[in-house]
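Asks: Sharing a structure below in structure tokens format, with a few things to ask.
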Amino acid sequence: MHKPFSQACENNRSPIGEVLIPLLSTSASVLELGSGTGQHAVWFAQQLTHLHWQTSDRMENHSGINQWLDESGLTNIGAPIALDIGRDVWPTQPFDAVFSSNTAHIMAWPDVEIMFGQVAETLSAGGLFFLYGPMKYSGVIAAVSNRAFDRRLKESNPRQGIRDFNALDRLALTAGMNLLEDNAMPANNRLVVWQKT
Ligand SMILES: C[S@@+](CC[C@H](N)C(=O)[O-])C[C@H]1O[C@@H](n2cnc3c(N)ncnc32)[C@H](O)[C@@H]1O
């Protein structure tokens, strides 16, 4: 059976890595939310051999993630845990960082709220939350391509849609995480980093 493949992951992994990798130089563990195909996990675990990268997603994506993990032969990646945000129980052990790519606009807003609260619970003191994807600012989606993407998302599921950076930052603050960096990424995406206080 062919492994699932995401061209977006191939395109965005290096720009994400330029921000992520230096900030994780002393971290021991990362929890990835919504690992998707598993490509990011394999790529980042290859670069970050000093830490353990724990994948997670809804059950329907586990077999694809496992194919990528098995083929990689890497020993510093954890097989996916079943983590449907808003429904499943979160891991109880602390992680030094949480990474999630292209998930906040896919899950319903109540699940985004739960994600921020649970991420803050899961992070160790000083831990980092990396959230990658398209975002709007003060309600405005700047890029034409992202406006069209937002329309397509809402047509397919009215609970989906590009999230507002300011609303996400408020969730972070409420959960006890301060904004560390808001990085522009290629293709009109952002990589935002919050730090647990
Ligand atoms: C567009 S894919 C992105 C996958 C991968 N992170 C990437 O960047 O290619 C969205 C991912 O979010 C996951 N997802 C959506 N809603 C979720 C939820 N409520 N809990 C956990 N994962 C969710 C999906 O299963 C899927 O893996």
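By convention in this document, the chains of the structure tokens carry letters A, B, ... by their order, each chain's residues are numbered from 1, and ligands are numbered from 1 in the order they are shown.
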Using only C-alpha atoms and all ligand atoms, which protein or nucleic acid residues are at most 9 Å from ligand 1, as a ChimeraX atom specification?

Replies: /A:5-10,12-13,32-40,56-61,82-88,99-108,111-112,115,132-133

Asks: Write the residues you've just listed into a file as a compact mmCIF listing (two decimals), in the first residue's frame, and include N, CA and C atoms for each of them.

Replies:
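As written to disk, again30.txt reads:
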# COMPACT_ATOMS: atom_id res chain seq x y z
N PHE A 5 0.89 10.99 1.15
CA PHE A 5 1.94 11.96 0.82
C PHE A 5 1.32 13.36 0.77
N SER A 6 2.02 14.32 1.36
CA SER A 6 1.58 15.72 1.31
C SER A 6 2.69 16.56 0.72
N GLN A 7 2.42 17.16 -0.44
CA GLN A 7 3.42 18.05 -1.06
C GLN A 7 3.64 19.28 -0.19
N ALA A 8 2.56 19.74 0.49
CA ALA A 8 2.70 20.92 1.37
C ALA A 8 3.75 20.66 2.45
N CYS A 9 3.74 19.45 2.99
CA CYS A 9 4.74 19.12 4.04
C CYS A 9 6.16 19.20 3.49
N GLU A 10 6.34 18.69 2.26
CA GLU A 10 7.67 18.75 1.65
C GLU A 10 8.10 20.21 1.47
N ASN A 12 6.95 22.95 3.17
CA ASN A 12 7.03 23.85 4.34
C ASN A 12 7.98 23.37 5.43
N ARG A 13 8.49 22.13 5.31
CA ARG A 13 9.29 21.59 6.42
C ARG A 13 10.59 22.38 6.65
N GLU A 32 3.41 16.15 18.84
CA GLU A 32 2.83 16.72 17.62
C GLU A 32 1.33 16.41 17.61
N LEU A 33 0.53 17.43 17.37
CA LEU A 33 -0.93 17.28 17.30
C LEU A 33 -1.36 17.25 15.83
N GLY A 34 -2.16 16.28 15.45
CA GLY A 34 -2.63 16.19 14.07
C GLY A 34 -1.48 15.91 13.12
N SER A 35 -0.76 14.81 13.36
CA SER A 35 0.46 14.52 12.58
C SER A 35 0.18 14.28 11.10
N GLY A 36 -1.06 14.00 10.73
CA GLY A 36 -1.42 13.88 9.31
C GLY A 36 -0.79 12.67 8.66
N THR A 37 0.12 12.92 7.70
CA THR A 37 0.78 11.80 7.03
C THR A 37 1.91 11.20 7.88
N GLY A 38 2.49 12.02 8.76
CA GLY A 38 3.69 11.60 9.51
C GLY A 38 4.98 12.13 8.91
N GLN A 39 4.87 12.85 7.80
CA GLN A 39 6.08 13.37 7.13
C GLN A 39 6.85 14.36 7.99
N HIS A 40 6.12 15.30 8.62
CA HIS A 40 6.82 16.27 9.47
C HIS A 40 7.55 15.55 10.59
N SER A 56 0.72 12.13 17.08
CA SER A 56 -0.66 11.86 17.50
C SER A 56 -1.60 12.29 16.37
N ASP A 57 -2.76 11.72 16.37
CA ASP A 57 -3.81 12.15 15.42
C ASP A 57 -5.05 11.32 15.71
N ARG A 58 -6.08 11.60 14.93
CA ARG A 58 -7.27 10.75 14.96
C ARG A 58 -6.87 9.38 14.43
N MET A 59 -7.60 8.35 14.88
CA MET A 59 -7.25 6.96 14.53
C MET A 59 -7.14 6.75 13.02
N GLU A 60 -8.00 7.43 12.26
CA GLU A 60 -8.04 7.18 10.80
C GLU A 60 -6.70 7.46 10.12
N ASN A 61 -5.84 8.25 10.75
CA ASN A 61 -4.55 8.58 10.13
C ASN A 61 -3.39 7.74 10.65
N ALA A 82 -3.75 8.02 19.97
CA ALA A 82 -5.08 8.47 19.54
C ALA A 82 -5.41 9.75 20.28
N LEU A 83 -5.39 10.85 19.57
CA LEU A 83 -5.67 12.13 20.21
C LEU A 83 -6.56 12.96 19.30
N ASP A 84 -7.87 12.74 19.45
CA ASP A 84 -8.85 13.59 18.79
C ASP A 84 -9.15 14.70 19.79
N ILE A 85 -8.65 15.88 19.48
CA ILE A 85 -8.73 17.00 20.43
C ILE A 85 -10.21 17.30 20.71
N GLY A 86 -10.53 17.36 21.97
CA GLY A 86 -11.92 17.62 22.34
C GLY A 86 -12.66 16.35 22.70
N ARG A 87 -12.11 15.19 22.30
CA ARG A 87 -12.79 13.94 22.60
C ARG A 87 -11.90 12.97 23.38
N ASP A 88 -10.65 12.87 23.01
CA ASP A 88 -9.77 11.89 23.66
C ASP A 88 -9.08 12.49 24.88
N PHE A 99 3.92 20.80 18.83
CA PHE A 99 3.95 21.32 17.46
C PHE A 99 2.67 20.90 16.76
N SER A 100 2.07 21.82 16.03
CA SER A 100 0.89 21.46 15.24
C SER A 100 0.85 22.29 13.98
N SER A 101 0.65 21.61 12.85
CA SER A 101 0.69 22.27 11.55
C SER A 101 -0.63 22.07 10.82
N ASN A 102 -1.19 23.18 10.35
CA ASN A 102 -2.39 23.13 9.50
C ASN A 102 -3.54 22.38 10.15
N THR A 103 -3.76 22.64 11.40
CA THR A 103 -4.85 21.97 12.13
C THR A 103 -5.91 22.94 12.63
N ALA A 104 -5.51 24.16 13.04
CA ALA A 104 -6.45 25.06 13.72
C ALA A 104 -7.61 25.47 12.81
N HIS A 105 -7.37 25.52 11.50
CA HIS A 105 -8.46 25.91 10.59
C HIS A 105 -9.31 24.70 10.18
N ILE A 106 -8.83 23.50 10.53
CA ILE A 106 -9.57 22.29 10.19
C ILE A 106 -10.51 21.89 11.33
N MET A 107 -10.03 22.01 12.56
CA MET A 107 -10.89 21.61 13.69
C MET A 107 -11.87 22.74 14.02
N ALA A 108 -12.98 22.37 14.63
CA ALA A 108 -13.99 23.36 15.02
C ALA A 108 -13.42 24.28 16.10
N ASP A 111 -12.86 23.10 19.61
CA ASP A 111 -11.70 22.21 19.74
C ASP A 111 -10.39 23.01 19.77
N VAL A 112 -10.37 24.15 19.04
CA VAL A 112 -9.18 25.03 19.11
C VAL A 112 -9.03 25.55 20.54
N MET A 115 -7.73 22.84 22.58
CA MET A 115 -6.32 22.60 22.26
C MET A 115 -5.41 23.54 23.06
N TYR A 132 1.51 26.27 13.22
CA TYR A 132 1.77 26.68 11.82
C TYR A 132 0.47 26.66 11.03
N GLY A 133 0.31 27.62 10.14
CA GLY A 133 -0.83 27.61 9.22
C GLY A 133 -1.20 29.01 8.78

Asks: Using only C-alpha atoms, which protein or nucleic acid residues come within 9 Å of Leu171 in chain A? Drop anything in the same chain fewer than 6 positions from it, and give the result as a list in words.

Replies: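 Counting only C-alpha atoms, the residues come to Val112, Glu113, Phe116, Gly117 and Met177 of chain A.
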
Asks: Identify, with DSSP run on backbone atoms, the residues in chain A assigned to strand (DSSP E), and express the list as a count of residues only.

Replies: 56

Asks: Using only C-alpha atoms, determine which residues lie at most 10 Å from Lys3 in chain A, disregarding the query and same-chain residues fewer than 5 positions distant; provide the list as an MDAnalysis selection string.

Replies: chainID A and resid 37:39 63:68 71

Asks: What does the file look like for those residues with C-alpha atoms, as a JSON list (two decimals), in the first residue's frame?

Replies:
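Below is the file that was written, part-v7.json:
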[["chain", "number", "residue", "atom", "x", "y", "z"],
["A", 37, "THR", "CA", 0.78, 11.80, 7.03],
["A", 38, "GLY", "CA", 3.69, 11.60, 9.51],
["A", 39, "GLN", "CA", 6.08, 13.37, 7.13],
["A", 63, "SER", "CA", -1.82, 3.52, 9.60],
["A", 64, "GLY", "CA", -0.35, 6.12, 7.24],
["A", 65, "ILE", "CA", 1.75, 7.69, 10.00],
["A", 66, "ASN", "CA", 3.00, 4.23, 10.99],
["A", 67, "GLN", "CA", 4.07, 3.53, 7.40],
["A", 68, "TRP", "CA", 6.26, 6.66, 7.41],
["A", 71, "GLU", "CA", 10.15, 3.11, 6.79]]

Asks: How would you write, as a list in words, the set of residues in range 73-166 of chain A that DSSP gives as helix (DSSP H, G or I)?

Replies: Trp109, Pro110, Asp111, Val112, Glu113, Ile114, Met115, Phe116, Gly117, Gln118, Val119, Ala120, Glu121, Thr122, Val144, Ser145, Asn146, Arg147, Ala148, Phe149, Asp150, Arg151, Arg152, Leu153, Lys154, Glu155, Ser156, Phe165 and Asn166 of chain A

Asks: Kindly give the distance, in Å, that separates CA of Asn183 in chain A and CA of Phe130 in chain A, rounded to a single decimal.

Replies: 10.5 Å

Asks: Have a look at A:Phe149, A:Trp90, A:Trp43, A:Phe165 and name the one nearest to Leu131 in chain A; count only C-alpha atoms.

Replies: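 Among A:Phe149, A:Trp90, A:Trp43, A:Phe165, it is A:Phe165 that comes nearest to Leu131 in chain A.
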
Asks: What is the CA of His52 in chain A to CA of Ala187 in chain A distance in Å?

Replies: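 CA of Ala187 in chain A lies at a distance of 29.0 Å from CA of His52 in chain A.
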
Asks: What is the CA of Gly161 in chain A to CA of Ser138 in chain A distance in Å?

Replies: 14.6 Å

Asks: Please provide as a compact mmCIF listing (two decimals) with N, CA and C atoms, in the first residue's frame all residues within 8 Å of Leu180 in chain A, with the sequence filter that same-chain residues fewer than 6 positions apart are discarded (counting only C-alpha atoms).

Replies:
# COMPACT_ATOMS: atom_id res chain seq x y z
N VAL A 192 3.63 30.60 14.62
CA VAL A 192 3.55 31.35 15.87
C VAL A 192 4.10 30.46 16.99
N VAL A 193 4.87 31.09 17.86
CA VAL A 193 5.46 30.36 18.99
C VAL A 193 5.03 31.04 20.28
N TRP A 194 4.40 30.26 21.17
CA TRP A 194 4.04 30.75 22.50
C TRP A 194 4.88 29.99 23.53
N GLN A 195 5.12 30.64 24.65
CA GLN A 195 5.90 30.01 25.72
C GLN A 195 5.08 29.97 27.00

Asks: Go through A:Leu128, A:Ile141, A:Val30, A:Leu191 one by one, measure the shortest atom-to-atom distance of each to Leu48 in chain A using only C-alpha atoms, and give the residue with the smallest value.

Replies: A:Val30

Asks: For Asp169 in chain A, which of A:Lys154, A:Arg147, A:Lys136, A:His50 is the closest residue, counting only C-alpha atoms?

Replies: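 Counting only C-alpha atoms, the residue closest to Asp169 in chain A is A:Lys136.
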
Asks: Which one is closest to Ala148 in chain A: A:Pro91, A:Gly176, A:Pro134, A:Pro4? Count only C-alpha atoms.

Replies: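 Residue with the minimum atom-to-atom distance to Ala148 in chain A: A:Pro134.
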
Asks: Pick out the closest residue to Leu168 in chain A from this set: A:Leu123, A:Val144, A:Met185, A:Tyr137. Count only C-alpha atoms.

Replies: A:Tyr137

Asks: Mind checking which residues fall within 7 Å of Ala45 in chain A, counting only C-alpha atoms, ignoring those fewer than 6 positions away in the same chain, and posting them as number ranges by chain?

Replies: A: 53, 76-77
